[in-house]
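Down below is the structure, laid out as structure tokens.
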Amino acid sequence: MTSPKQHSQGQHRLVQSKVVPKLKDLQNIFKQYLMHGDSAIATHIVSTKTFANDARLAIYSNAYYARLAESLEKDYTSISVLLGDNAFYQLCERYTDTFPSKNPSLRWFGQHMVDFLSRTSPYNESPYLAELAVLEWAFITAFDAPNAVVATELDAAQIPAGKWPELTIKLHPSIRWFKYQWNILPLWRATNEINHDAAKIAVPKLLDTTEQCVVWRKGLSTQYRTLDQDEAKLLLCIAEGGNFSQMCEALVGLVDDPNQLPMRAASILKSWLSNEMISHLAMTEE
Amino acid sequence: MTDKHAIKNTITTPNVNLSPGEHSTRQFLGYGLGLRTDYYDIILNESPDVDWFEVISENYMVKGGKALYYLDAIRENYPMVMHGVSLSIGGTDVLDIDYLKQLKALVERIEPCWVSDHLCWTGQGGHNLHDLMPLPYNREAISHVAQRVQQVQDFLGRQILLENVSSYISYQHSEMSEWDFYSAVVEEADCLMLLDINNIYVSSKNHHFDALDYLNGVPEQRVCQFHLAGHEDNGGIVVDTHDHPVADPVWRLYESALRRFGPVSTMIERDDRMPPFCELLDELQQARDIGQMVLGTVAKR
């Protein structure tokens with residue numbers, strides 16, 4: 001990638017500062033140079049015959065954007081592939097200027113990308129970019145979400161029939177789900193293929209209906225899949241603290257035979273248990 | 001926690017497991033590598049002949065998942081040291097207490113032989129620059145850093161190691177050499193040194209000093225670890241990139257360092273253009289061979 005913000009050389013080598021700045025001021029001046037290109041720092045830097053101060057400083061300023069762009073490229077691979085190197089680097093520079101890092105770990109640097117893409121022109125004119133960012137950030141946060149014990153189908157089998165209506169369910173901490181309107185799943189798959197062929201990458205396309213996707217971690221491996229409408233209703237119900245009885249109510253209108261509501265809810269629950277999406281099943285106390 | 005790999009030796013120098021101010025013995029761990037994701041499986045499954053691993057602290061400041069799984073599993077088989085990049089010990093913002101709490105929690109989790117970070121600043125005014133920014137070499141910076149090191153050591157309950165960084169600029173108002181500054185900081189702070197041999201070489205080229213003056217100018221008893229790494233030499237300036245094998249001049253400087261300091265735990269850093277693991281093992285063997293050659297010679301004296 002090329003950097004449009006690479007700082008020019010040959011402007012400051014003859015100027016020297018006689019004022020000794022306090023450490024805090026010196027660091028602030030240096031930071032202003034890295035973040036905003038303010039050249040005041042050059043007067044505090046030694047020039048040598050072989051390498052002038054501005055060329056020396058440029059190593060730091062170029063590294064600043066390059067390092068942060070590299071981090072964003074790892075986090076948002078699909079977006080970088082779709083935009084291409086130069087356009088993505090420009091995006092990274094604008095993002096970095098808007099949301100400079102405030103966390104000691106680069107792990108968190110990309111956390112505002114959805115917000116940035118949703119609000120910033122021209123990216124917000126291609127809404128699939130923000131939707132892809134939701135998906136890619138979900139992968140990152142699921143990947144290192146807290147560990148938790150996983151409930152099993154055996155745990156469910158030990159629950160007495162009379163306890164089921166009051167049963168509450170705790171989702172695995174890595175679960176996140178979201179709605180989307182564009183074909184982001186095929187886009188993500190195509191752009192994440194090793195040696196992907198740019199010509200074969202799916203074209204962004206608006207879907208006929210809004211879909212939902214769930215992302216979670218099974219063992220050490222991050223998983224994703226589309227959610228059926230009834231599954232999405234149940235996840236929402238659980239997230240709001242609903243018990244099994246309320247989960248069944250949430251399915252009203254989605255299951256033809258009302259007598260089949262508990263069976264459908266139990267069936268979905270069984271599938272989630274086998275996929276390690278549930279960390280705890282809790283019965284009410286006697 | 002049991003280590004299959006025994007500590008190689010001990011020699012007289014400060015002990016990082018003691019409270020700041022107390023001195024006893026320095027651990028010689030032997031020859032190590034950086035723990036990187038590319039090599040998790042091969043390390044876990046094949047138990048390669050590496051004496052110890054250095055982990056980047058920030059990579060494991062997470063709640064769960066793959067990184068912590070491999071960290072814990074590999075720790076069962078190898079001694080580890082922790083190496084941070086974001087302490088900003090030379091920074092002028094107040095020390096980040098949340099960061100220090102995470103650092104301490106990681107220390108308690110993996111019980112490292114020691115904890116290190118860099119003699120630099122990494123952010124200002126609440127912004128993190130994610131780079132190892134050099135300090136001016138003057139009295140104000142010495143006092144400032146020493147006081148912050150003491151705060152960190154009090155918080156962690158152990159001495160820390162500070163590493164010299166590569167630099168591409170020097171400040172108009174520096175009052176002394178880098179090695180005098182570095183020595184003054186560790187003496188005033190009563191902390192230890194992680195001497196990066198490659199960084200000394202890189203900075204010696206960029207600032208036109210004799211790297212041997214650097215080696216001879218730091219207090220022998222405070223040096224606890226060496227780093228070796230590759231760099232990029234474009235003729236005009238040398239950049240610390242960690243994406244090449246260790247260069248010949250750095251190997252020669254390492255040899256000089258061993259003659260000066262005796263047995264010091266040594267590791268090779270590789271962070272980009274990751275080679276097959278066997279190539280890193282070969283490179284580590286080169287460090288061992290030099291160590292054997294030099295320390296054998298020293299022993300015969």
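Residue numbers start at 1 in each chain; chains themselves are named A, B, ... in the order of the structure tokens; ligands are numbered from 1 in the order shown.
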Pull out every residue of chain A sitting within 6 Å of chain B, counting only C-alpha atoms, and send them as a PDB file with C-alpha atoms, in the first residue's frame.
ATOM      1  CA  LYS A  24       5.527  16.501  28.498  1.00  0.00           C
ATOM      2  CA  HIS A  44      14.148  19.726  18.428  1.00  0.00           C
ATOM      3  CA  ILE A  45      15.653  16.953  16.299  1.00  0.00           C
ATOM      4  CA  VAL A  46      19.303  16.683  15.264  1.00  0.00           C
ATOM      5  CA  ARG A  56      14.465  10.782  10.278  1.00  0.00           C
ATOM      6  CA  SER A 101      -6.072   4.763  19.438  1.00  0.00           C
ATOM      7  CA  LYS A 102      -6.873   5.175  23.116  1.00  0.00           C
ATOM      8  CA  PRO A 104      -2.709   0.142  24.995  1.00  0.00           C
ATOM      9  CA  PHE A 143     -12.574 -15.168  19.154  1.00  0.00           C
ATOM     10  CA  ASP A 144     -11.325 -13.949  22.527  1.00  0.00           C
ATOM     11  CA  ALA A 145     -14.610 -13.667  24.438  1.00  0.00           C
ATOM     12  CA  PRO A 146     -14.533 -15.017  28.008  1.00  0.00           C
ATOM     13  CA  ASN A 147     -14.311 -18.761  28.463  1.00  0.00           C
ATOM     14  CA  LEU A 220     -11.371 -22.608  20.066  1.00  0.00           C
TER      15      LEU A 220
END
Q.
When you look at stretch 179-187 of chain A with a cut-off of 12 Å (counting only C-alpha atoms), what residues show up, excluding the ones that are within fewer than 3 positions of it in the same chain? I need them as a ChimeraX atom specification.
A. /A:77-82,126-136,176,190-193,196,198,200-215,224-229,232
Run DSSP on the backbone and give me the residues of stretch 88-235 of chain B it puts in helix (DSSP H, G or I), as a PyMOL selection string.
chain B and resi 97-110+139-156+178-189+197-207+211-217+220-222
Would you kindly return, as a PyMOL selection string, each protein, DNA or RNA residue with an atom no farther than 9 Å from any atom of B:Gly291, considering only C-alpha atoms and excluding same-chain residues fewer than 5 positions away? chain B and resi 254-255+258+262-263+286+296
Include all heavy atoms and write out the residues we just selected as a PDB file, in the first residue's frame.
ATOM      1  N   TYR B 254      26.999  -9.676  19.505  1.00  0.00           N
ATOM      2  CA  TYR B 254      26.523 -10.611  20.534  1.00  0.00           C
ATOM      3  C   TYR B 254      27.707 -11.329  21.182  1.00  0.00           C
ATOM      4  O   TYR B 254      27.753 -11.500  22.410  1.00  0.00           O
ATOM      5  CB  TYR B 254      25.567 -11.614  19.887  1.00  0.00           C
ATOM      6  CG  TYR B 254      25.097 -12.719  20.800  1.00  0.00           C
ATOM      7  CD1 TYR B 254      24.464 -12.438  22.013  1.00  0.00           C
ATOM      8  CD2 TYR B 254      25.273 -14.057  20.460  1.00  0.00           C
ATOM      9  CE1 TYR B 254      24.040 -13.464  22.855  1.00  0.00           C
ATOM     10  CE2 TYR B 254      24.843 -15.084  21.282  1.00  0.00           C
ATOM     11  CZ  TYR B 254      24.226 -14.775  22.487  1.00  0.00           C
ATOM     12  OH  TYR B 254      23.804 -15.780  23.311  1.00  0.00           O
ATOM     13  N   GLU B 255      28.645 -11.706  20.342  1.00  0.00           N
ATOM     14  CA  GLU B 255      29.847 -12.362  20.856  1.00  0.00           C
ATOM     15  C   GLU B 255      30.570 -11.431  21.833  1.00  0.00           C
ATOM     16  O   GLU B 255      30.986 -11.858  22.929  1.00  0.00           O
ATOM     17  CB  GLU B 255      30.754 -12.705  19.660  1.00  0.00           C
ATOM     18  CG  GLU B 255      31.836 -13.686  19.941  1.00  0.00           C
ATOM     19  CD  GLU B 255      32.642 -13.995  18.674  1.00  0.00           C
ATOM     20  OE1 GLU B 255      32.033 -14.205  17.597  1.00  0.00           O
ATOM     21  OE2 GLU B 255      33.878 -14.012  18.775  1.00  0.00           O
ATOM     22  N   LEU B 258      28.670 -11.276  25.108  1.00  0.00           N
ATOM     23  CA  LEU B 258      28.884 -12.445  25.975  1.00  0.00           C
ATOM     24  C   LEU B 258      30.236 -12.361  26.676  1.00  0.00           C
ATOM     25  O   LEU B 258      30.373 -12.734  27.845  1.00  0.00           O
ATOM     26  CB  LEU B 258      28.799 -13.731  25.147  1.00  0.00           C
ATOM     27  CG  LEU B 258      27.405 -14.142  24.675  1.00  0.00           C
ATOM     28  CD1 LEU B 258      27.487 -15.329  23.718  1.00  0.00           C
ATOM     29  CD2 LEU B 258      26.496 -14.489  25.864  1.00  0.00           C
ATOM     30  N   GLY B 262      29.183 -12.335  30.305  1.00  0.00           N
ATOM     31  CA  GLY B 262      29.077 -13.734  30.713  1.00  0.00           C
ATOM     32  C   GLY B 262      27.755 -14.324  30.268  1.00  0.00           C
ATOM     33  O   GLY B 262      27.098 -13.794  29.362  1.00  0.00           O
ATOM     34  N   PRO B 263      27.321 -15.431  30.880  1.00  0.00           N
ATOM     35  CA  PRO B 263      26.069 -16.070  30.444  1.00  0.00           C
ATOM     36  C   PRO B 263      24.847 -15.208  30.759  1.00  0.00           C
ATOM     37  O   PRO B 263      24.596 -14.883  31.913  1.00  0.00           O
ATOM     38  CB  PRO B 263      26.034 -17.379  31.238  1.00  0.00           C
ATOM     39  CG  PRO B 263      26.976 -17.193  32.366  1.00  0.00           C
ATOM     40  CD  PRO B 263      27.973 -16.152  31.978  1.00  0.00           C
ATOM     41  N   GLN B 286      22.669 -21.263  16.378  1.00  0.00           N
ATOM     42  CA  GLN B 286      23.818 -20.380  16.129  1.00  0.00           C
ATOM     43  C   GLN B 286      24.138 -19.564  17.387  1.00  0.00           C
ATOM     44  O   GLN B 286      25.305 -19.380  17.742  1.00  0.00           O
ATOM     45  CB  GLN B 286      23.494 -19.458  14.951  1.00  0.00           C
ATOM     46  CG  GLN B 286      24.717 -18.808  14.345  1.00  0.00           C
ATOM     47  CD  GLN B 286      24.381 -18.065  13.045  1.00  0.00           C
ATOM     48  OE1 GLN B 286      23.328 -18.283  12.433  1.00  0.00           O
ATOM     49  NE2 GLN B 286      25.296 -17.196  12.630  1.00  0.00           N
ATOM     50  N   GLY B 296      32.843 -20.901  26.895  1.00  0.00           N
ATOM     51  CA  GLY B 296      33.853 -21.922  27.092  1.00  0.00           C
ATOM     52  C   GLY B 296      35.222 -21.291  27.225  1.00  0.00           C
ATOM     53  O   GLY B 296      35.993 -21.613  28.125  1.00  0.00           O
TER      54      GLY B 296
END
Please identify all polymer residues within 8 Å of B:Leu212, counting only C-alpha atoms, omitting same-chain residues fewer than 4 positions from it, and present them as a PDB file with N, CA and C atoms, in the first residue's frame.
ATOM      1  N   ASN B 216      30.249  -1.491  26.822  1.00  0.00           N
ATOM      2  CA  ASN B 216      31.168  -1.253  27.947  1.00  0.00           C
ATOM      3  C   ASN B 216      30.636  -0.195  28.914  1.00  0.00           C
ATOM      4  N   LEU B 253      28.504  -8.635  17.458  1.00  0.00           N
ATOM      5  CA  LEU B 253      28.283  -7.805  18.655  1.00  0.00           C
ATOM      6  C   LEU B 253      27.798  -8.666  19.826  1.00  0.00           C
ATOM      7  N   SER B 256      30.682 -10.176  21.460  1.00  0.00           N
ATOM      8  CA  SER B 256      31.326  -9.199  22.353  1.00  0.00           C
ATOM      9  C   SER B 256      30.532  -9.042  23.644  1.00  0.00           C
TER      10      SER B 256
END
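Taking atom CA of B:Ile74 and atom CA of B:Leu156 as the two end points, the separation is 23.4 Å.
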Note to self: For the structure I just gave you, how does DSSP split stretch 31-273 of chain A - specifically, which residues are strand (DSSP E)? Reply as a PyMOL selection string.
What the structure shows: chain A and resi 168-171+176-182+206-218+221-226
Contact residues around A:Ile278 with only C-alpha atoms at 8 Å, ignoring same-chain residues under 6 positions, as a compact mmCIF listing (two decimals) with all heavy atoms, in the first residue's frame:
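Wrote out32.txt, looks like this:
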# COMPACT_ATOMS: atom_id res chain seq x y z
N VAL A 150 -19.65 -25.18 29.24
CA VAL A 150 -20.65 -25.41 28.20
C VAL A 150 -21.68 -26.42 28.70
O VAL A 150 -21.31 -27.49 29.18
CB VAL A 150 -19.98 -25.95 26.91
CG1 VAL A 150 -21.02 -26.30 25.88
CG2 VAL A 150 -19.01 -24.91 26.36
N ALA A 151 -22.97 -26.05 28.62
CA ALA A 151 -24.03 -26.99 29.00
C ALA A 151 -24.23 -28.01 27.87
O ALA A 151 -23.99 -27.69 26.70
CB ALA A 151 -25.32 -26.23 29.27
N THR A 152 -24.65 -29.21 28.23
CA THR A 152 -24.79 -30.27 27.24
C THR A 152 -26.23 -30.78 27.18
O THR A 152 -27.06 -30.45 28.04
CB THR A 152 -23.88 -31.46 27.59
OG1 THR A 152 -24.35 -32.02 28.83
CG2 THR A 152 -22.43 -31.00 27.74
N ILE A 169 -32.00 -19.80 30.75
CA ILE A 169 -30.87 -20.24 29.92
C ILE A 169 -29.84 -19.12 29.84
O ILE A 169 -30.18 -17.96 29.63
CB ILE A 169 -31.38 -20.60 28.50
CG1 ILE A 169 -32.26 -21.85 28.60
CG2 ILE A 169 -30.24 -20.81 27.52
CD1 ILE A 169 -33.27 -21.96 27.53
N LYS A 170 -28.58 -19.52 30.01
CA LYS A 170 -27.50 -18.53 29.88
C LYS A 170 -26.72 -18.85 28.61
O LYS A 170 -26.20 -19.96 28.45
CB LYS A 170 -26.59 -18.60 31.10
CG LYS A 170 -25.62 -17.45 31.19
CD LYS A 170 -24.87 -17.50 32.53
CE LYS A 170 -23.88 -16.35 32.60
NZ LYS A 170 -23.06 -16.44 33.81
N LEU A 171 -26.65 -17.86 27.72
CA LEU A 171 -25.93 -18.07 26.46
C LEU A 171 -24.43 -18.03 26.71
O LEU A 171 -23.94 -17.39 27.65
CB LEU A 171 -26.31 -16.96 25.47
CG LEU A 171 -27.78 -16.91 25.06
CD1 LEU A 171 -28.03 -15.66 24.21
CD2 LEU A 171 -28.17 -18.16 24.28
N HIS A 172 -23.68 -18.68 25.83
CA HIS A 172 -22.22 -18.61 25.90
C HIS A 172 -21.79 -17.15 25.67
O HIS A 172 -22.35 -16.47 24.81
CB HIS A 172 -21.58 -19.52 24.85
CG HIS A 172 -20.12 -19.71 25.04
ND1 HIS A 172 -19.20 -18.81 24.58
CD2 HIS A 172 -19.42 -20.67 25.68
CE1 HIS A 172 -17.97 -19.22 24.92
NE2 HIS A 172 -18.09 -20.35 25.59
N TRP A 272 -28.70 -25.88 19.82
CA TRP A 272 -27.74 -24.93 20.41
C TRP A 272 -26.81 -25.63 21.40
O TRP A 272 -25.63 -25.33 21.46
CB TRP A 272 -28.48 -23.80 21.13
CG TRP A 272 -29.20 -22.85 20.20
CD1 TRP A 272 -29.12 -22.82 18.84
CD2 TRP A 272 -30.12 -21.85 20.58
NE1 TRP A 272 -29.93 -21.83 18.35
CE2 TRP A 272 -30.56 -21.21 19.40
CE3 TRP A 272 -30.64 -21.40 21.79
CZ2 TRP A 272 -31.47 -20.16 19.40
CZ3 TRP A 272 -31.53 -20.34 21.80
CH2 TRP A 272 -31.95 -19.73 20.61
